[in-house]
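First comes the structure, then the notes that go with it.
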Amino acid sequence: MRPPQEPAPTETPSAAPFPRAGGAAAVELVDVTKSYGRGLRAVMALDAVSAVFPRGSFSAVMGLSGSGKSTLLQMAAGLDSPTSGTVRLGGSDLSGLSRRRLSVLRRRRVGFVFQDLNLMPSLSVAENIALPLRLDRKPVDKSRIRELAGLVGIADQLRRLPHTLSGGQQQRVAIARALVTHPEVVFADEPTAALDPYTSEAVVALLRRAVDELDQTVMVVTHESEVAASADRVLVLDRGRLVDVVSSPAAEELSMTMQRLGEQGER
Amino acid sequence: MRQLYATLRHRPAPLAGILVGLTLTAMFITWAISLGEAAGRSLPAQFLANAPVVVTGTATVPVIPGGPSATTLTVPLDGYRRLPLSLLTRLTAIPGVKDAAADQAVPVALELPDRRIVTGTSAAPVTGYGWQSAILTPFRLQAGHAPAGPGQIVLSAGVAAAVGLRVGGQLTLAGQPRTPFTVTGIAAAPSGNLAGNWAVFFSPRQAAALYGHPGQADLIGVLARPGTSAAVLAARIRAAVPGQQLSVFTGSKRGTAENPAAAADLSSFSDLALGSGVINVYISLFVAGSTVALSVAERTRTWALLRAIGATPGQVRRAVMAELAVLGALAGPVGYLPGIWLASLTVRGFASHQFVPASIRSWASPIEILPSAAAAIVIAEIAGFLAAHRASRVRPAVALGEAAVERRYPGPLRLILGAAALVVGVNLILSSLRQSGSNSEIPLANEALLAFLVAAAFLTPYLIGPAERVLRVPLRVLGGVAGRLASAELQVRSRRMAAAAVAIALPVAYLGAIIVIDATTAQTAATQSSQRLAAAGIASAPGPGLAPSVLPAIRRQPGVSAAVGLAPSTVYLVQDSYPLSTTAEAVTPGPSPPCSASRSAPVTCGTSARATSPSVRAPPGVAHVSARPSPPTWPTAPSTRLR
């Protein structure tokens, strides 16, 4: 169900012009471990997690607070480096890349949607969408920006500044920005946490459409069962370990899983 | 960059602080440049306006110190040495010279029939000249006739207006034997020439008598025949009197020869401008550094977002630097106008207290915008270097909403640099305490102050914690909820608070220290001058002081047991082949024991070698001066003359 106040996108963007590296997996994690701190005070955020995110799939990562789901996203997206293990993004190994090389890789092959404060406050909507291209010193095709804006339903807001938009509209701009480079994967970290359920549903539907219509790979980190239920499959994390993988999940099933994890944690 | 332009256009608030800081910086730099420019310009010649070439003695004295080394030292003086009058005829004989006049200037105090005494201002004291030098300006008689004998005086139009006398009026000279002078004429300088406000003229013989240096003159002004240029004439003069120690001035340099004291004032003024400029740049570096650091730290999430979506660390760093360059370039022109306004205010203030000649104007040129903007940019870049580096090191994961926890305490480098500055400051203080009695204490105090400011800037993050603990109770008691919040914020975010504190603390500390130094100096000077003389009474005259013939008259007064003439002076000494100058007091020789009458310093009073030369007493620290039995090697320079 689409909220009536947000206009329906009509245009469909052209097929991705950037060639992608071979292999069926967009992202692959092998025995990824991440610990913070040293010695006795070390905290194991991820404990030997292995997972494959196939091309064109919509995956959700669920877990309670502190389960390591955000850490998993940081490792998979090249925002941070694992303590041990291997991360491959579109077939290339991320380990040993410099901060600079990781930055270049992120802006070319990864799209991000964060919880909030997604946009540069001083740039207009159009400029925010084009930012990854500008950082890469690529020419900006204005018609493509308009196309994407139409797709996410903010075609009328291109000249406005982020702080004049509603939370839902801001997330739509962030999704358009994440899609502008035809990335290998779009990572979304709690993209609906700051939104009301109604708006939240529309944003998730938009991500779903990116997978179905644009053949994008999307990975969403969330603690909301309703959000996770739109995914093809759900990876459940608990205290740094991958405890379950659910295919074609139902929201009720997921919330029961979460409740069980919560009760276990209290004991 | 687009990003910056967009920020300025849409969300200027985070940048406003930096802009204000840099604008103030640019303002003070413009101020210092403008003052330095005003001080650097030469004074136009007034009394000597009509003489294209001016000849004086040198401003240095060659000295051959005793001892094994027989090298000649050149000792710089505050003014120019006097010339022998005999030079006048030799100069007049040089081809191309139309006329030449010797200038024997002596400051005078005019005492009017109503007992009013007119001395002029300290920048433009009423000065007596021989009538022969009136051609140097030139002065022309408006009324009456030239002074032809004793008791005759011609006033310049400005002086006549100030004292309200006309031809036939009577006056006396204060401090001189009470012989009346009759105004025989009023002379006018060309319009706009300031000499018309201070010059009075006597007959040549009377002027020479008042001058008190027989056969000598301050300078000789030379008038050229039509068709002879000043430069050619100056070259001929140098060639015609070889071996003579002369300074020959043309053009704008003549102003320096005419008024060496004003030129010296200007030179100290330019030192002042330079010193304040350096201190301003230094303080603004820290203030700008703090505001930049603050503003960059406030936008941590923005940098993290940029890094996450693919900006390289270099791109973030360049973005910050470019932002600061543009802000600096903007601040330059904005700070320019208040800067020149401040400079002209300063110059006028100094002129009204007669620290600099009134003819000085601070000159504002739009060209000064360039150094002002350049300095603001450079300061912004230096100040922003660390901040930009920090912004580029922000972890991109912070964009995920991860709390960016500040480090509670700064790195070890900061501690080491701060401690080093503290040690330097303490050492400077200690060495200035050891150097008691010399004038080098004040510069040392300034350097120590600067060192302490550096130390404070580096160590402030360490001081915020203790300061918060001291203020915690009053904050919570008086501040209520707001006070509790402030106290908690200080505890957790001490580094950011430190940036704000440095920006405020440095100027306040600097101003406070300057005020205290100033007050201490004034207090000491007052104490010293009250202790200097043990005499029961002091006879003095404004302006030039008392004539030597007044002293016997005072001694003859009933009840006077002893009277001593004193004249402040400067003495040039050679110590270990190293020339140095010191203040000294010239004391008249006479029947009464001169040293028992004053007690300013523990000096052994030697008998002077010749009865006519004053014995010189030196202040502590230069003790061996008066102990020398033979005539010492210091020169009898113009500045030691008794007036």
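By convention in this document, the chains of the structure tokens carry letters A, B, ... by their order, each chain's residues are numbered from 1, and ligands are numbered from 1 in the order they are shown.
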
Practice problem: Excluding Ala451 in chain B and residues on its chain fewer than 4 positions from it, collect all residues at most 9 Å away from it, counting only C-alpha atoms, and give them as a list of chain:residue names. | Solution: B:Ala421, B:Leu422, B:Val423, B:Val424, B:Gly425, B:Val426, B:Leu428, B:Asn446, B:Glu447, B:Ala455, B:Ala456

Selection to disk with C-alpha atoms, as a CSV table (one decimal), in the first residue's frame:
```csv
chain,number,residue,atom,x,y,z
B,421,ALA,CA,56.7,27.0,26.5
B,422,LEU,CA,56.2,27.2,30.3
B,423,VAL,CA,59.8,26.4,30.9
B,424,VAL,CA,60.9,29.2,28.5
B,425,GLY,CA,58.5,31.6,30.2
B,426,VAL,CA,59.8,30.8,33.7
B,428,LEU,CA,62.7,34.5,30.9
B,446,ASN,CA,56.9,40.9,27.0
B,447,GLU,CA,58.7,37.8,25.7
B,455,ALA,CA,51.9,27.6,27.2
B,456,ALA,CA,48.3,28.5,28.1
```

Exercise. Show me which bits of chain A are within 10 Å of chain B, counting only C-alpha atoms, as a PyMOL selection string.
Key: chain A and resi 70-71+73-75+77-80+99-124+127+131-136+161+177-178+188-190

Quiz prompt | Those in range 132-232 of chain A with alpha helix (DSSP H) from DSSP, as a PyMOL selection string | solution = chain A and resi 132-135+142-152+167-179+197-214+225-228

Selection from above, N, CA and C atoms, as a tab-separated table (two decimals), in the first residue's frame, can you write it?
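Result file follows (selection.tsv):
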```
chain	number	residue	atom	x	y	z
A	132	PRO	N	28.04	11.77	-5.16
A	132	PRO	CA	29.05	10.71	-5.41
A	132	PRO	C	29.74	10.90	-6.76
A	133	LEU	N	28.99	11.36	-7.77
A	133	LEU	CA	29.60	11.59	-9.08
A	133	LEU	C	30.58	12.75	-9.01
A	134	ARG	N	30.18	13.81	-8.30
A	134	ARG	CA	31.06	14.99	-8.18
A	134	ARG	C	32.35	14.62	-7.46
A	135	LEU	N	32.22	13.85	-6.37
A	135	LEU	CA	33.41	13.45	-5.63
A	135	LEU	C	34.35	12.64	-6.52
A	142	LYS	N	22.20	15.67	-16.07
A	142	LYS	CA	21.05	16.24	-15.34
A	142	LYS	C	19.77	15.47	-15.59
A	143	SER	N	19.65	14.93	-16.81
A	143	SER	CA	18.42	14.20	-17.11
A	143	SER	C	18.35	12.93	-16.24
A	144	ARG	N	19.52	12.35	-15.96
A	144	ARG	CA	19.51	11.14	-15.13
A	144	ARG	C	19.11	11.50	-13.69
A	145	ILE	N	19.59	12.65	-13.20
A	145	ILE	CA	19.19	13.08	-11.85
A	145	ILE	C	17.67	13.24	-11.79
A	146	ARG	N	17.12	13.88	-12.82
A	146	ARG	CA	15.66	14.09	-12.84
A	146	ARG	C	14.92	12.76	-12.89
A	147	GLU	N	15.48	11.83	-13.69
A	147	GLU	CA	14.90	10.51	-13.83
A	147	GLU	C	14.82	9.82	-12.48
A	148	LEU	N	15.96	9.83	-11.75
A	148	LEU	CA	16.02	9.18	-10.44
A	148	LEU	C	15.07	9.85	-9.46
A	149	ALA	N	15.05	11.17	-9.50
A	149	ALA	CA	14.17	11.91	-8.60
A	149	ALA	C	12.72	11.53	-8.85
A	150	GLY	N	12.41	11.35	-10.15
A	150	GLY	CA	11.05	10.93	-10.48
A	150	GLY	C	10.78	9.53	-9.94
A	151	LEU	N	11.78	8.67	-10.07
A	151	LEU	CA	11.63	7.29	-9.61
A	151	LEU	C	11.31	7.23	-8.11
A	152	VAL	N	12.04	8.04	-7.32
A	152	VAL	CA	11.81	8.00	-5.87
A	152	VAL	C	10.72	8.96	-5.43
A	167	GLY	N	11.04	13.94	6.82
A	167	GLY	CA	11.96	12.82	7.02
A	167	GLY	C	11.86	11.80	5.90
A	168	GLY	N	10.63	11.50	5.47
A	168	GLY	CA	10.44	10.52	4.40
A	168	GLY	C	11.03	11.00	3.09
A	169	GLN	N	10.80	12.30	2.81
A	169	GLN	CA	11.36	12.86	1.56
A	169	GLN	C	12.88	12.81	1.59
A	170	GLN	N	13.47	13.10	2.79
A	170	GLN	CA	14.93	13.06	2.90
A	170	GLN	C	15.46	11.66	2.60
A	171	GLN	N	14.74	10.61	3.11
A	171	GLN	CA	15.20	9.25	2.85
A	171	GLN	C	15.06	8.93	1.35
A	172	ARG	N	14.04	9.48	0.70
A	172	ARG	CA	13.90	9.26	-0.74
A	172	ARG	C	15.09	9.87	-1.49
A	173	VAL	N	15.51	11.06	-1.07
A	173	VAL	CA	16.68	11.70	-1.70
A	173	VAL	C	17.91	10.82	-1.49
A	174	ALA	N	18.05	10.27	-0.26
A	174	ALA	CA	19.20	9.43	0.04
A	174	ALA	C	19.19	8.19	-0.85
A	175	ILE	N	18.01	7.63	-1.08
A	175	ILE	CA	17.93	6.44	-1.94
A	175	ILE	C	18.33	6.80	-3.37
A	176	ALA	N	17.85	7.95	-3.85
A	176	ALA	CA	18.23	8.39	-5.20
A	176	ALA	C	19.74	8.56	-5.29
A	177	ARG	N	20.35	9.15	-4.24
A	177	ARG	CA	21.80	9.33	-4.25
A	177	ARG	C	22.51	7.97	-4.26
A	178	ALA	N	21.95	7.01	-3.50
A	178	ALA	CA	22.59	5.70	-3.43
A	178	ALA	C	22.53	5.00	-4.79
A	179	LEU	N	21.52	5.32	-5.59
A	179	LEU	CA	21.35	4.62	-6.87
A	179	LEU	C	22.08	5.30	-8.01
A	197	PRO	N	5.38	4.68	10.92
A	197	PRO	CA	5.17	3.41	10.21
A	197	PRO	C	4.68	3.60	8.78
A	198	TYR	N	3.83	4.59	8.59
A	198	TYR	CA	3.21	4.83	7.29
A	198	TYR	C	4.28	5.20	6.26
A	199	THR	N	5.11	6.20	6.59
A	199	THR	CA	6.18	6.67	5.72
A	199	THR	C	7.22	5.57	5.54
A	200	SER	N	7.46	4.86	6.64
A	200	SER	CA	8.45	3.80	6.66
A	200	SER	C	8.12	2.76	5.60
A	201	GLU	N	6.85	2.42	5.51
A	201	GLU	CA	6.42	1.42	4.55
A	201	GLU	C	6.72	1.86	3.13
A	202	ALA	N	6.51	3.13	2.83
A	202	ALA	CA	6.75	3.64	1.48
A	202	ALA	C	8.23	3.59	1.14
A	203	VAL	N	9.09	3.90	2.13
A	203	VAL	CA	10.53	3.89	1.87
A	203	VAL	C	11.00	2.46	1.59
A	204	VAL	N	10.49	1.49	2.38
A	204	VAL	CA	10.87	0.09	2.16
A	204	VAL	C	10.38	-0.37	0.77
A	205	ALA	N	9.18	0.05	0.40
A	205	ALA	CA	8.65	-0.32	-0.91
A	205	ALA	C	9.55	0.21	-2.02
A	206	LEU	N	10.12	1.39	-1.79
A	206	LEU	CA	11.02	1.99	-2.78
A	206	LEU	C	12.27	1.13	-2.95
A	207	LEU	N	12.81	0.64	-1.82
A	207	LEU	CA	13.99	-0.22	-1.88
A	207	LEU	C	13.65	-1.53	-2.62
A	208	ARG	N	12.47	-2.04	-2.31
A	208	ARG	CA	12.00	-3.27	-2.96
A	208	ARG	C	11.95	-3.06	-4.48
A	209	ARG	N	11.43	-1.90	-4.91
A	209	ARG	CA	11.32	-1.62	-6.35
A	209	ARG	C	12.69	-1.54	-7.00
A	210	ALA	N	13.68	-0.98	-6.24
A	210	ALA	CA	15.03	-0.89	-6.79
A	210	ALA	C	15.57	-2.28	-7.10
A	211	VAL	N	15.22	-3.25	-6.25
A	211	VAL	CA	15.66	-4.62	-6.48
A	211	VAL	C	14.91	-5.22	-7.67
A	212	ASP	N	13.58	-5.06	-7.65
A	212	ASP	CA	12.76	-5.73	-8.66
A	212	ASP	C	12.92	-5.11	-10.04
A	213	GLU	N	12.92	-3.76	-10.09
A	213	GLU	CA	12.88	-3.12	-11.40
A	213	GLU	C	14.26	-2.77	-11.92
A	214	LEU	N	15.22	-2.44	-11.02
A	214	LEU	CA	16.54	-2.01	-11.48
A	214	LEU	C	17.59	-3.10	-11.29
A	225	SER	N	10.65	-5.87	12.40
A	225	SER	CA	10.22	-7.06	11.68
A	225	SER	C	9.51	-6.70	10.38
A	226	GLU	N	8.71	-5.60	10.41
A	226	GLU	CA	7.94	-5.23	9.22
A	226	GLU	C	8.88	-4.90	8.07
A	227	VAL	N	9.99	-4.22	8.39
A	227	VAL	CA	10.95	-3.86	7.36
A	227	VAL	C	11.63	-5.11	6.83
A	228	ALA	N	12.07	-5.96	7.75
A	228	ALA	CA	12.79	-7.17	7.36
A	228	ALA	C	11.91	-8.10	6.52
```

Exercise. Could you tell me which of B:Thr346, B:Asn427, B:Thr570, B:Thr127 comes closest to Phe202 in chain B if we count only C-alpha atoms?
Key: B:Thr127

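Excluding range 257-272 of chain B and any residue on its chain fewer than 5 positions from it, the residues at most 6 Å away by only C-alpha atoms are Gly36, Ala39, Gly79 and Val356 of chain B.
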
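Across B:Leu112, B:Ile186, B:Arg81, B:Ala217, the tightest approach to Gly144 in chain B is made by B:Ile186 when counting only C-alpha atoms.
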